[in-house]
2 protein chains.
Amino acid sequence: MDDNVVKILVSSPIFRDISPNQLDIMLDCLKPKINTYSKNSYIAVEGEPYTGLGILLSGEAAIIKESASGSRVIMTVIGPGDLFGEMIAFSPRKHWPASVFAQSICSVMFLPPEKIIGECTHVCGGYQQLIKNMLVLLSTKALMLNQRVEYLAIKGMREKISIYLLEQYKINQKNTFVLPLKRNELADYLSVSRTALSRELGRMRDEGIIEFYRTSVKINNPALLKRGAE
Amino acid sequence: MDDNVVKILVSSPIFRDISPNQLDIMLDCLKPKINTYSKNSYIAVEGEPYTGLGILLSGEAAIIKESASGSRVIMTVIGPGDLFGEMIAFSPRKHWPASVFAQSICSVMFLPPEKIIGECTHVCGGYQQLIKNMLVLLSTKALMLNQRVEYLAIKGMREKISIYLLEQYKINQKNTFVLPLKRNELADYLSVSRTALSRELGRMRDEGIIEFYRTSVKINNPALLKRGAE
DNA sequence: TGCCTTAGGTAGCCATAGCTACCGATTTTT
DNA sequence: AAAAATCGGTAGCTATGGCTACCTAAGGCA
């Protein structure tokens, strides 16, 4: 196996805490397929049969949802070491729920999911770690989605913003901090329009609750902010 | 171990396809704690340290989110054999993200997550199945959440309804079918008000796209419905 | 049988938030 | 350094959808 590939793999969350030696032995068992895709080609197509847990080895790819009318929405952009198709790997579903599109030349490794919990398990030392990694990966994904659902289910703009800012406030433990998202991205995340988001932020500033400039925010009055979160 | 408890456990998704014999051996390894809770008491409190993967053995409990101001939202109601805290079990987070509240006398079994992937693994035959079950459980959960996010991210009422109905249409493969959710539940799921949902359904009926009575729906014009989904 | 609860449809009012348009500031490209 | 693209704030208009209120149909129960 190519040294460069091994380097990417050990840095990937799915092989976290697995040594290069162990990895080598495991790859012998797992017998993964590696394919390369030219720029602007499909790595996986929504609705078609699932081809296995994907690990992007090189290049950049986009996970996209295409509506019936042909409009495309980019869900995420992934880079070397990132996974895709983790959610389907162990579910009863056997078709891609979204498409994966190569935005540059990509090389991709596919792991057959049944191998991960398969017969080889007793001999390879790293397999237990691999399963643990998968469990951590899926748990984290589910938690992230769960939190997103919570944000999206909130009705008012003021509430969404307040809860989001309180969350960030809690994480940073300071009154002044930098948001991890730009306005556009934040609007997407909360599923509101950027202009309406800006407008409400402006109102909150006028009311003296917060101050901000671009992505940096200062919470002037946490109590008022909590009030705004209902 | 109580026969009744064993009966519940083998019917639980986490012990799916594990024989009562195997289960017995595994429980010896897992050393689960079983607690009982009186009606209207907390099984777990949001923000407090995680106490392990919960399996409800008897009674009925509600997963609730309480806002700072004290208002409570019921997320799910669970019954015997159902799990809670699956998402946190293998994640880095170590606190309950929601509260679990006993709505009747409840008896609950807690499994320490580290045991599931722990040292005992090589001797118990059922452990591999247990892990597989956990992976399936988490994948399915993540997929469900993912789909929910997709619905919630949709802006228009018409679009939400159209896409939801098209999904059901695809599942049922017939023009006439029964929705799995009552109006109220559907409104909650899509995070819209029941009245606005009814209003738009009425409009769609007036336009001849659909017919409905309570939870049964007939798609008159799939093409128009697809148009409505944008 | 009659009462009560739940489910669901309809209507009117109006606040919220989406959209378009525009502009200034900042960053990136050439 | 100029040009182009991105980022973000503001304003006005308007459609959408939330809310209250009310009413009818259907199911549950004594």
# chains A, B, ... in the order shown; residues from 1 in each chain; ligands from 1

call {"tool": "interface_residues", "arguments": {"of": "chain D", "to": "chain A", "cutoff": "12 Å", "atoms": "only C-alpha atoms (C1' of nucleotides)", "output": "list of chain:residue names"}}
result
D:DT6, D:DC7, D:DG8, D:DG9, D:DT10, D:DA11, D:DG17, D:DG18

call {"tool": "residues_around", "arguments": {"residues": "Lys218 in chain A", "least_positions_apart": "2", "cutoff": "12 Å", "atoms": "only C-alpha atoms (C1' of nucleotides)", "output": "list in words"}}
result
Leu165, Leu166, Gln168, Tyr169, Asn172, Gln173, Lys174, Asn175, Thr176, Phe177, Val178, Leu179, Leu201, Met204, Arg205, Gly208, Ile209, Ile210, Glu211, Phe212, Tyr213, Arg214, Thr215, Ser216, Asn220, Asn221, Pro222 and Leu225 of chain A

call {"tool": "write_last_selection", "arguments": {"atoms": "N, CA and C atoms", "output": "compact mmCIF listing (two decimals), in the first residue's frame"}}
result
# COMPACT_ATOMS: atom_id res chain seq x y z
N LEU A 165 -26.34 32.10 20.11
CA LEU A 165 -25.32 32.92 20.77
C LEU A 165 -25.04 32.42 22.19
N LEU A 166 -26.08 31.99 22.88
CA LEU A 166 -25.87 31.47 24.24
C LEU A 166 -25.00 30.22 24.21
N GLN A 168 -22.72 29.51 21.94
CA GLN A 168 -21.35 29.94 21.67
C GLN A 168 -20.71 30.59 22.91
N TYR A 169 -21.53 31.33 23.61
CA TYR A 169 -21.10 32.00 24.85
C TYR A 169 -20.63 30.95 25.86
N ASN A 172 -17.30 29.39 24.70
CA ASN A 172 -16.13 30.26 24.79
C ASN A 172 -15.85 30.77 26.20
N GLN A 173 -16.87 30.76 27.02
CA GLN A 173 -16.71 31.20 28.41
C GLN A 173 -16.26 32.65 28.55
N LYS A 174 -16.47 33.44 27.49
CA LYS A 174 -16.15 34.86 27.58
C LYS A 174 -17.27 35.67 26.95
N ASN A 175 -17.33 36.95 27.27
CA ASN A 175 -18.35 37.81 26.70
C ASN A 175 -18.08 38.14 25.24
N THR A 176 -16.79 38.17 24.90
CA THR A 176 -16.43 38.48 23.52
C THR A 176 -15.82 37.26 22.86
N PHE A 177 -16.33 36.92 21.70
CA PHE A 177 -15.80 35.74 20.99
C PHE A 177 -16.05 35.88 19.50
N VAL A 178 -15.47 34.95 18.76
CA VAL A 178 -15.61 34.96 17.30
C VAL A 178 -16.48 33.78 16.88
N LEU A 179 -17.48 34.06 16.11
CA LEU A 179 -18.37 32.99 15.63
C LEU A 179 -17.63 32.11 14.62
N LEU A 201 -30.18 40.86 14.10
CA LEU A 201 -28.95 41.14 14.84
C LEU A 201 -28.84 42.63 15.11
N MET A 204 -31.10 43.64 17.88
CA MET A 204 -30.58 43.22 19.18
C MET A 204 -29.45 44.14 19.64
N ARG A 205 -28.70 44.63 18.66
CA ARG A 205 -27.66 45.60 18.98
C ARG A 205 -28.29 46.91 19.45
N GLY A 208 -29.21 46.98 22.85
CA GLY A 208 -28.11 46.92 23.81
C GLY A 208 -27.79 45.52 24.31
N ILE A 209 -28.37 44.51 23.68
CA ILE A 209 -28.12 43.14 24.14
C ILE A 209 -26.74 42.67 23.71
N ILE A 210 -26.38 42.96 22.47
CA ILE A 210 -25.10 42.52 21.93
C ILE A 210 -24.42 43.65 21.17
N GLU A 211 -23.13 43.43 20.90
CA GLU A 211 -22.41 44.24 19.94
C GLU A 211 -21.74 43.28 18.99
N PHE A 212 -21.50 43.72 17.75
CA PHE A 212 -20.80 42.81 16.84
C PHE A 212 -20.17 43.57 15.70
N TYR A 213 -19.16 42.95 15.15
CA TYR A 213 -18.56 43.42 13.92
C TYR A 213 -18.14 42.19 13.15
N ARG A 214 -18.78 41.98 12.01
CA ARG A 214 -18.53 40.76 11.23
C ARG A 214 -18.76 39.53 12.12
N THR A 215 -17.74 38.68 12.24
CA THR A 215 -17.98 37.44 12.98
C THR A 215 -17.66 37.54 14.48
N SER A 216 -17.18 38.69 14.92
CA SER A 216 -16.91 38.79 16.35
C SER A 216 -18.10 39.42 17.08
N ASN A 220 -23.38 41.82 25.67
CA ASN A 220 -23.44 42.88 26.69
C ASN A 220 -24.28 42.46 27.88
N ASN A 221 -25.35 41.72 27.56
CA ASN A 221 -26.32 41.44 28.59
C ASN A 221 -26.85 40.01 28.48
N PRO A 222 -26.12 39.07 29.08
CA PRO A 222 -26.53 37.65 28.98
C PRO A 222 -27.96 37.42 29.48
N LEU A 225 -30.33 38.25 26.85
CA LEU A 225 -30.21 37.26 25.79
C LEU A 225 -31.01 36.01 26.16

call {"tool": "closest_atom_pairs", "arguments": {"of": "chain C", "to": "chain B", "cutoff": "10 Å", "atoms": "only C-alpha atoms (C1' of nucleotides)", "output": "tab-separated table"}}
result
residue	atom	partner	partner_atom	distance
C:DA7	C1'	B:Arg183	CA	8.0
C:DG8	C1'	B:Arg214	CA	7.2
C:DG9	C1'	B:Ser198	CA	6.9
C:DT10	C1'	B:Arg199	CA	7.9
C:DG18	C1'	B:Lys155	CA	9.5

call {"tool": "write_last_selection", "arguments": {"atoms": "C-alpha atoms (C1' of nucleotides)", "output": "tab-separated table (two decimals), in the first residue's frame"}}
result
chain	number	residue	atom	x	y	z
C	7	DA	C1'	-59.23	15.45	15.88
C	8	DG	C1'	-59.55	18.39	12.31
C	9	DG	C1'	-61.38	22.04	9.07
C	10	DT	C1'	-62.27	27.25	8.29
C	18	DG	C1'	-38.41	36.45	2.84

call {"tool": "interface_residues", "arguments": {"of": "chain B", "to": "chain A", "cutoff": "8 Å", "atoms": "only C-alpha atoms", "output": "CSV table (one decimal) with C-alpha atoms, in the first residue's frame"}}
result
chain,number,residue,atom,x,y,z
B,67,SER,CA,-36.0,25.6,28.4
B,68,ALA,CA,-34.3,28.1,30.8
B,69,SER,CA,-37.7,29.6,31.5
B,86,GLU,CA,-27.8,5.8,22.7
B,87,MET,CA,-26.3,8.9,21.1
B,88,ILE,CA,-24.3,9.9,24.0
B,89,ALA,CA,-23.0,6.4,24.9
B,90,PHE,CA,-20.0,6.5,22.5
B,91,SER,CA,-19.7,10.2,22.0
B,92,PRO,CA,-17.1,12.4,23.8
B,117,ILE,CA,-16.7,-2.7,23.5
B,122,HIS,CA,-13.8,-12.4,23.1
B,128,GLN,CA,-20.4,-9.2,18.1
B,132,LYS,CA,-23.7,-4.8,15.1
B,134,MET,CA,-25.6,-0.7,18.1
B,135,LEU,CA,-24.2,0.3,14.7
B,136,VAL,CA,-27.6,-0.4,13.1
B,137,LEU,CA,-29.4,1.6,15.8
B,138,LEU,CA,-27.1,4.6,15.5
B,139,SER,CA,-27.1,4.6,11.7
B,140,THR,CA,-30.9,4.4,11.6
B,141,LYS,CA,-31.1,7.2,14.1
B,142,ALA,CA,-28.7,9.4,12.2
B,143,LEU,CA,-30.6,8.8,8.9
B,145,LEU,CA,-32.5,12.9,11.9
B,146,ASN,CA,-31.0,13.6,8.6
B,148,ARG,CA,-36.0,15.4,9.5
B,149,VAL,CA,-33.3,18.2,8.9
B,152,LEU,CA,-37.2,21.4,8.4
B,153,ALA,CA,-34.8,23.2,6.1
B,191,SER,CA,-42.5,22.3,12.6
B,226,LYS,CA,-44.0,17.3,-8.1
B,230,GLU,CA,-40.3,22.9,-6.7

call {"tool": "residues_around", "arguments": {"residues": "Ile55 in chain B", "least_positions_apart": "5", "cutoff": "9 Å", "atoms": "only C-alpha atoms (C1' of nucleotides)", "output": "PyMOL selection string"}}
result
chain B and resi 9+12+14+80-85+107-111

call {"tool": "select_by_dssp", "arguments": {"residues": "range 35-196 of chain A", "states": "strand (DSSP E or B)", "output": "PyMOL selection string"}}
result
chain A and resi 35-37+42-44+49+53-58+61-66+72-78+83-84+95+99-102+106-111+176-178

call {"tool": "residues_around", "arguments": {"residues": "DC22 in chain D", "least_positions_apart": "2", "cutoff": "10 Å", "atoms": "only C-alpha atoms (C1' of nucleotides)", "output": "PyMOL selection string"}}
result
(chain C and resi 10-11) or (chain D and resi 20+24)

call {"tool": "write_last_selection", "arguments": {"atoms": "N, CA and C atoms (P, O5', C5', C4', C3', O3' and C1' of nucleotides)", "output": "mmCIF file, in the first residue's frame"}}
result
data_model
loop_
_atom_site.group_PDB
_atom_site.id
_atom_site.type_symbol
_atom_site.label_atom_id
_atom_site.label_comp_id
_atom_site.auth_asym_id
_atom_site.auth_seq_id
_atom_site.Cartn_x
_atom_site.Cartn_y
_atom_site.Cartn_z
ATOM 1 P P DT C 10 -61.871 23.039 4.970
ATOM 2 O "O5'" DT C 10 -62.216 24.403 5.708
ATOM 3 C "C5'" DT C 10 -63.442 24.500 6.440
ATOM 4 C "C4'" DT C 10 -63.627 25.918 6.934
ATOM 5 C "C3'" DT C 10 -62.997 27.007 6.063
ATOM 6 O "O3'" DT C 10 -63.963 28.038 5.887
ATOM 7 C "C1'" DT C 10 -62.268 27.246 8.293
ATOM 8 P P DA C 11 -63.670 29.197 4.836
ATOM 9 O "O5'" DA C 11 -63.458 30.428 5.815
ATOM 10 C "C5'" DA C 11 -64.287 30.571 6.974
ATOM 11 C "C4'" DA C 11 -63.861 31.803 7.749
ATOM 12 C "C3'" DA C 11 -63.145 32.851 6.904
ATOM 13 O "O3'" DA C 11 -63.616 34.138 7.257
ATOM 14 C "C1'" DA C 11 -61.793 32.240 8.729
ATOM 15 P P DT D 20 -52.688 32.129 20.582
ATOM 16 O "O5'" DT D 20 -54.163 32.713 20.399
ATOM 17 C "C5'" DT D 20 -54.329 34.055 19.935
ATOM 18 C "C4'" DT D 20 -55.789 34.267 19.573
ATOM 19 C "C3'" DT D 20 -56.771 33.492 20.432
ATOM 20 O "O3'" DT D 20 -57.827 34.355 20.814
ATOM 21 C "C1'" DT D 20 -57.112 32.976 18.148
ATOM 22 P P DT D 24 -71.534 23.841 13.857
ATOM 23 O "O5'" DT D 24 -71.030 22.502 13.193
ATOM 24 C "C5'" DT D 24 -70.349 22.540 11.933
ATOM 25 C "C4'" DT D 24 -69.614 21.228 11.764
ATOM 26 C "C3'" DT D 24 -70.442 20.007 12.161
ATOM 27 O "O3'" DT D 24 -70.368 19.058 11.108
ATOM 28 C "C1'" DT D 24 -68.343 19.980 13.244
#

call {"tool": "residues_around", "arguments": {"residues": "Tyr50 in chain A", "least_positions_apart": "3", "cutoff": "6 Å", "atoms": "only C-alpha atoms (C1' of nucleotides)", "output": "ChimeraX atom specification"}}
result
/A:94-96

call {"tool": "select_by_dssp", "arguments": {"residues": "range 69-160 of chain B", "states": "alpha helix (DSSP H)", "output": "PyMOL selection string"}}
result
chain B and resi 86-89+113-116+127-153+157-160

call {"tool": "write_last_selection", "arguments": {"atoms": "N, CA and C atoms", "output": "CSV table (one decimal), in the first residue's frame"}}
result
chain,number,residue,atom,x,y,z
B,86,GLU,N,-28.7,6.5,23.6
B,86,GLU,CA,-27.8,5.8,22.7
B,86,GLU,C,-26.8,6.7,22.1
B,87,MET,N,-27.2,8.0,21.8
B,87,MET,CA,-26.3,8.9,21.1
B,87,MET,C,-25.1,9.3,21.9
B,88,ILE,N,-25.3,9.4,23.2
B,88,ILE,CA,-24.3,9.9,24.0
B,88,ILE,C,-23.3,8.8,24.4
B,89,ALA,N,-23.8,7.6,24.4
B,89,ALA,CA,-23.0,6.4,24.9
B,89,ALA,C,-21.5,6.4,24.4
B,113,PRO,N,-21.3,2.0,28.8
B,113,PRO,CA,-20.9,1.9,27.4
B,113,PRO,C,-19.6,1.2,27.2
B,114,GLU,N,-18.6,1.5,28.1
B,114,GLU,CA,-17.3,0.9,27.9
B,114,GLU,C,-17.3,-0.6,27.9
B,115,LYS,N,-18.3,-1.2,28.6
B,115,LYS,CA,-18.4,-2.6,28.7
B,115,LYS,C,-18.8,-3.2,27.3
B,116,ILE,N,-19.5,-2.5,26.5
B,116,ILE,CA,-20.0,-3.0,25.3
B,116,ILE,C,-18.9,-3.3,24.3
B,127,TYR,N,-21.6,-10.9,21.8
B,127,TYR,CA,-21.1,-9.5,21.8
B,127,TYR,C,-21.0,-8.9,20.4
B,128,GLN,N,-20.6,-9.7,19.4
B,128,GLN,CA,-20.4,-9.2,18.1
B,128,GLN,C,-21.8,-8.7,17.5
B,129,GLN,N,-22.8,-9.5,17.9
B,129,GLN,CA,-24.2,-9.1,17.4
B,129,GLN,C,-24.6,-7.8,18.1
B,130,LEU,N,-24.2,-7.7,19.4
B,130,LEU,CA,-24.6,-6.5,20.2
B,130,LEU,C,-24.0,-5.3,19.5
B,131,ILE,N,-22.7,-5.4,19.1
B,131,ILE,CA,-22.1,-4.2,18.5
B,131,ILE,C,-22.8,-3.9,17.1
B,132,LYS,N,-23.0,-5.0,16.4
B,132,LYS,CA,-23.7,-4.8,15.1
B,132,LYS,C,-25.1,-4.1,15.4
B,133,ASN,N,-25.8,-4.5,16.4
B,133,ASN,CA,-27.1,-3.9,16.7
B,133,ASN,C,-26.9,-2.4,17.0
B,134,MET,N,-25.9,-2.1,17.8
B,134,MET,CA,-25.6,-0.7,18.1
B,134,MET,C,-25.3,0.1,16.9
B,135,LEU,N,-24.5,-0.5,16.0
B,135,LEU,CA,-24.2,0.3,14.7
B,135,LEU,C,-25.5,0.5,13.9
B,136,VAL,N,-26.3,-0.5,13.8
B,136,VAL,CA,-27.6,-0.4,13.1
B,136,VAL,C,-28.4,0.7,13.7
B,137,LEU,N,-28.5,0.6,15.0
B,137,LEU,CA,-29.4,1.6,15.8
B,137,LEU,C,-28.9,3.0,15.5
B,138,LEU,N,-27.6,3.2,15.7
B,138,LEU,CA,-27.1,4.6,15.5
B,138,LEU,C,-27.2,5.1,14.1
B,139,SER,N,-27.0,4.2,13.1
B,139,SER,CA,-27.1,4.6,11.7
B,139,SER,C,-28.5,5.0,11.4
B,140,THR,N,-29.5,4.2,11.9
B,140,THR,CA,-30.9,4.4,11.6
B,140,THR,C,-31.3,5.8,12.2
B,141,LYS,N,-30.8,6.0,13.5
B,141,LYS,CA,-31.1,7.2,14.1
B,141,LYS,C,-30.6,8.4,13.3
B,142,ALA,N,-29.3,8.3,12.9
B,142,ALA,CA,-28.7,9.4,12.2
B,142,ALA,C,-29.5,9.7,10.9
B,143,LEU,N,-29.9,8.6,10.2
B,143,LEU,CA,-30.6,8.8,8.9
B,143,LEU,C,-32.0,9.4,9.2
B,144,MET,N,-32.7,9.0,10.3
B,144,MET,CA,-33.9,9.7,10.6
B,144,MET,C,-33.8,11.1,10.9
B,145,LEU,N,-32.8,11.5,11.6
B,145,LEU,CA,-32.5,12.9,11.9
B,145,LEU,C,-32.2,13.6,10.7
B,146,ASN,N,-31.4,13.0,9.8
B,146,ASN,CA,-31.0,13.6,8.6
B,146,ASN,C,-32.2,14.0,7.7
B,147,GLN,N,-33.1,13.1,7.7
B,147,GLN,CA,-34.3,13.3,6.9
B,147,GLN,C,-35.2,14.4,7.5
B,148,ARG,N,-35.2,14.4,8.8
B,148,ARG,CA,-36.0,15.4,9.5
B,148,ARG,C,-35.4,16.8,9.2
B,149,VAL,N,-34.0,16.9,9.3
B,149,VAL,CA,-33.3,18.2,8.9
B,149,VAL,C,-33.8,18.6,7.5
B,150,GLU,N,-33.8,17.7,6.6
B,150,GLU,CA,-34.2,18.0,5.2
B,150,GLU,C,-35.6,18.6,5.2
B,151,TYR,N,-36.5,18.0,5.9
B,151,TYR,CA,-37.9,18.6,5.9
B,151,TYR,C,-37.9,20.0,6.6
B,152,LEU,N,-37.2,20.1,7.7
B,152,LEU,CA,-37.2,21.4,8.4
B,152,LEU,C,-36.6,22.5,7.6
B,153,ALA,N,-35.6,22.2,6.8
B,153,ALA,CA,-34.8,23.2,6.1
B,153,ALA,C,-35.7,23.7,4.9
B,157,MET,N,-44.6,26.1,2.9
B,157,MET,CA,-45.6,25.1,3.4
B,157,MET,C,-45.9,24.1,2.2
B,158,ARG,N,-46.2,24.7,1.1
B,158,ARG,CA,-46.5,23.8,-0.1
B,158,ARG,C,-45.4,22.8,-0.4
B,159,GLU,N,-44.2,23.3,-0.3
B,159,GLU,CA,-43.1,22.4,-0.6
B,159,GLU,C,-43.0,21.3,0.4
B,160,LYS,N,-43.1,21.7,1.7
B,160,LYS,CA,-43.0,20.7,2.7
B,160,LYS,C,-44.0,19.6,2.5

call {"tool": "residues_around", "arguments": {"residues": "DT28 in chain C", "least_positions_apart": "3", "cutoff": "12 Å", "atoms": "only C-alpha atoms (C1' of nucleotides)", "output": "PDB file with N, CA and C atoms (P, O5', C5', C4', C3', O3' and C1' of nucleotides), in the first residue's frame"}}
result
ATOM      1  P    DA D   3      -9.431  49.945 -12.820  1.00  0.00           P
ATOM      2  O5'  DA D   3      -9.865  48.414 -12.620  1.00  0.00           O
ATOM      3  C5'  DA D   3      -9.080  47.382 -13.214  1.00  0.00           C
ATOM      4  C4'  DA D   3      -9.694  46.041 -12.873  1.00  0.00           C
ATOM      5  C3'  DA D   3     -11.229  46.020 -12.886  1.00  0.00           C
ATOM      6  O3'  DA D   3     -11.664  44.870 -13.595  1.00  0.00           O
ATOM      7  C1'  DA D   3     -10.424  45.286 -10.786  1.00  0.00           C
ATOM      8  P    DA D   4     -13.207  44.542 -13.715  1.00  0.00           P
ATOM      9  O5'  DA D   4     -13.387  43.379 -12.637  1.00  0.00           O
ATOM     10  C5'  DA D   4     -12.435  42.317 -12.586  1.00  0.00           C
ATOM     11  C4'  DA D   4     -12.811  41.365 -11.472  1.00  0.00           C
ATOM     12  C3'  DA D   4     -14.319  41.100 -11.355  1.00  0.00           C
ATOM     13  O3'  DA D   4     -14.511  39.707 -11.237  1.00  0.00           O
ATOM     14  C1'  DA D   4     -13.455  41.819  -9.268  1.00  0.00           C
ATOM     15  P    DA D   5     -15.982  39.054 -11.173  1.00  0.00           P
ATOM     16  O5'  DA D   5     -16.001  38.481  -9.689  1.00  0.00           O
ATOM     17  C5'  DA D   5     -14.844  37.801  -9.195  1.00  0.00           C
ATOM     18  C4'  DA D   5     -14.946  37.671  -7.693  1.00  0.00           C
ATOM     19  C3'  DA D   5     -16.330  37.227  -7.200  1.00  0.00           C
ATOM     20  O3'  DA D   5     -16.156  36.150  -6.305  1.00  0.00           O
ATOM     21  C1'  DA D   5     -15.613  39.152  -6.031  1.00  0.00           C
ATOM     22  P    DT D   6     -17.396  35.310  -5.748  1.00  0.00           P
ATOM     23  O5'  DT D   6     -17.367  35.687  -4.201  1.00  0.00           O
ATOM     24  C5'  DT D   6     -16.119  35.633  -3.514  1.00  0.00           C
ATOM     25  C4'  DT D   6     -16.237  36.395  -2.229  1.00  0.00           C
ATOM     26  C3'  DT D   6     -17.464  36.024  -1.379  1.00  0.00           C
ATOM     27  O3'  DT D   6     -16.983  35.606  -0.114  1.00  0.00           O
ATOM     28  C1'  DT D   6     -17.178  38.358  -1.509  1.00  0.00           C
TER      29       DT D   6
END

call {"tool": "decode", "arguments": {"residues": "range 73-117 of chain A", "atoms": "C-alpha atoms", "output": "PDB file, in the first residue's frame"}}
result
ATOM      1  CA  VAL A  73     -27.853  21.957  -3.048  1.00  0.00           C
ATOM      2  CA  ILE A  74     -24.388  21.436  -1.637  1.00  0.00           C
ATOM      3  CA  MET A  75     -24.670  19.813   1.766  1.00  0.00           C
ATOM      4  CA  THR A  76     -20.972  19.566   2.649  1.00  0.00           C
ATOM      5  CA  VAL A  77     -17.604  19.748   1.026  1.00  0.00           C
ATOM      6  CA  ILE A  78     -15.129  17.083   2.067  1.00  0.00           C
ATOM      7  CA  GLY A  79     -11.369  16.763   1.745  1.00  0.00           C
ATOM      8  CA  PRO A  80      -8.672  14.090   2.117  1.00  0.00           C
ATOM      9  CA  GLY A  81      -9.261  11.777   5.079  1.00  0.00           C
ATOM     10  CA  ASP A  82     -12.967  12.608   5.305  1.00  0.00           C
ATOM     11  CA  LEU A  83     -15.632   9.935   5.187  1.00  0.00           C
ATOM     12  CA  PHE A  84     -18.919   9.713   3.348  1.00  0.00           C
ATOM     13  CA  GLY A  85     -21.730   7.213   3.477  1.00  0.00           C
ATOM     14  CA  GLU A  86     -21.112   6.402   7.158  1.00  0.00           C
ATOM     15  CA  MET A  87     -24.793   6.588   7.969  1.00  0.00           C
ATOM     16  CA  ILE A  88     -25.897   4.068   5.371  1.00  0.00           C
ATOM     17  CA  ALA A  89     -23.112   1.555   6.025  1.00  0.00           C
ATOM     18  CA  PHE A  90     -24.922  -0.252   8.826  1.00  0.00           C
ATOM     19  CA  SER A  91     -28.495   0.741   8.144  1.00  0.00           C
ATOM     20  CA  PRO A  92     -31.000  -1.435   6.320  1.00  0.00           C
ATOM     21  CA  ARG A  93     -31.062   1.113   3.523  1.00  0.00           C
ATOM     22  CA  LYS A  94     -28.951   0.108   0.540  1.00  0.00           C
ATOM     23  CA  HIS A  95     -29.046   3.164  -1.698  1.00  0.00           C
ATOM     24  CA  TRP A  96     -27.174   6.453  -1.654  1.00  0.00           C
ATOM     25  CA  PRO A  97     -29.339   9.147  -0.045  1.00  0.00           C
ATOM     26  CA  ALA A  98     -27.295  11.887  -1.733  1.00  0.00           C
ATOM     27  CA  SER A  99     -24.798  12.205  -4.537  1.00  0.00           C
ATOM     28  CA  VAL A 100     -21.061  12.641  -4.135  1.00  0.00           C
ATOM     29  CA  PHE A 101     -19.444  14.767  -6.797  1.00  0.00           C
ATOM     30  CA  ALA A 102     -15.736  15.099  -7.535  1.00  0.00           C
ATOM     31  CA  GLN A 103     -14.819  18.787  -7.627  1.00  0.00           C
ATOM     32  CA  SER A 104     -11.258  17.890  -8.543  1.00  0.00           C
ATOM     33  CA  ILE A 105      -9.508  14.639  -9.397  1.00  0.00           C
ATOM     34  CA  CYS A 106     -10.331  12.347  -6.482  1.00  0.00           C
ATOM     35  CA  SER A 107      -9.127   9.017  -5.287  1.00  0.00           C
ATOM     36  CA  VAL A 108     -11.496   7.156  -3.039  1.00  0.00           C
ATOM     37  CA  MET A 109     -11.270   4.022  -0.942  1.00  0.00           C
ATOM     38  CA  PHE A 110     -14.436   1.991  -0.385  1.00  0.00           C
ATOM     39  CA  LEU A 111     -14.740  -0.352   2.573  1.00  0.00           C
ATOM     40  CA  PRO A 112     -17.382  -3.071   2.456  1.00  0.00           C
ATOM     41  CA  PRO A 113     -19.317  -2.508   5.700  1.00  0.00           C
ATOM     42  CA  GLU A 114     -19.841  -6.200   6.448  1.00  0.00           C
ATOM     43  CA  LYS A 115     -16.082  -6.625   6.672  1.00  0.00           C
ATOM     44  CA  ILE A 116     -15.870  -4.186   9.546  1.00  0.00           C
ATOM     45  CA  ILE A 117     -17.883  -6.461  11.779  1.00  0.00           C
TER      46      ILE A 117
END
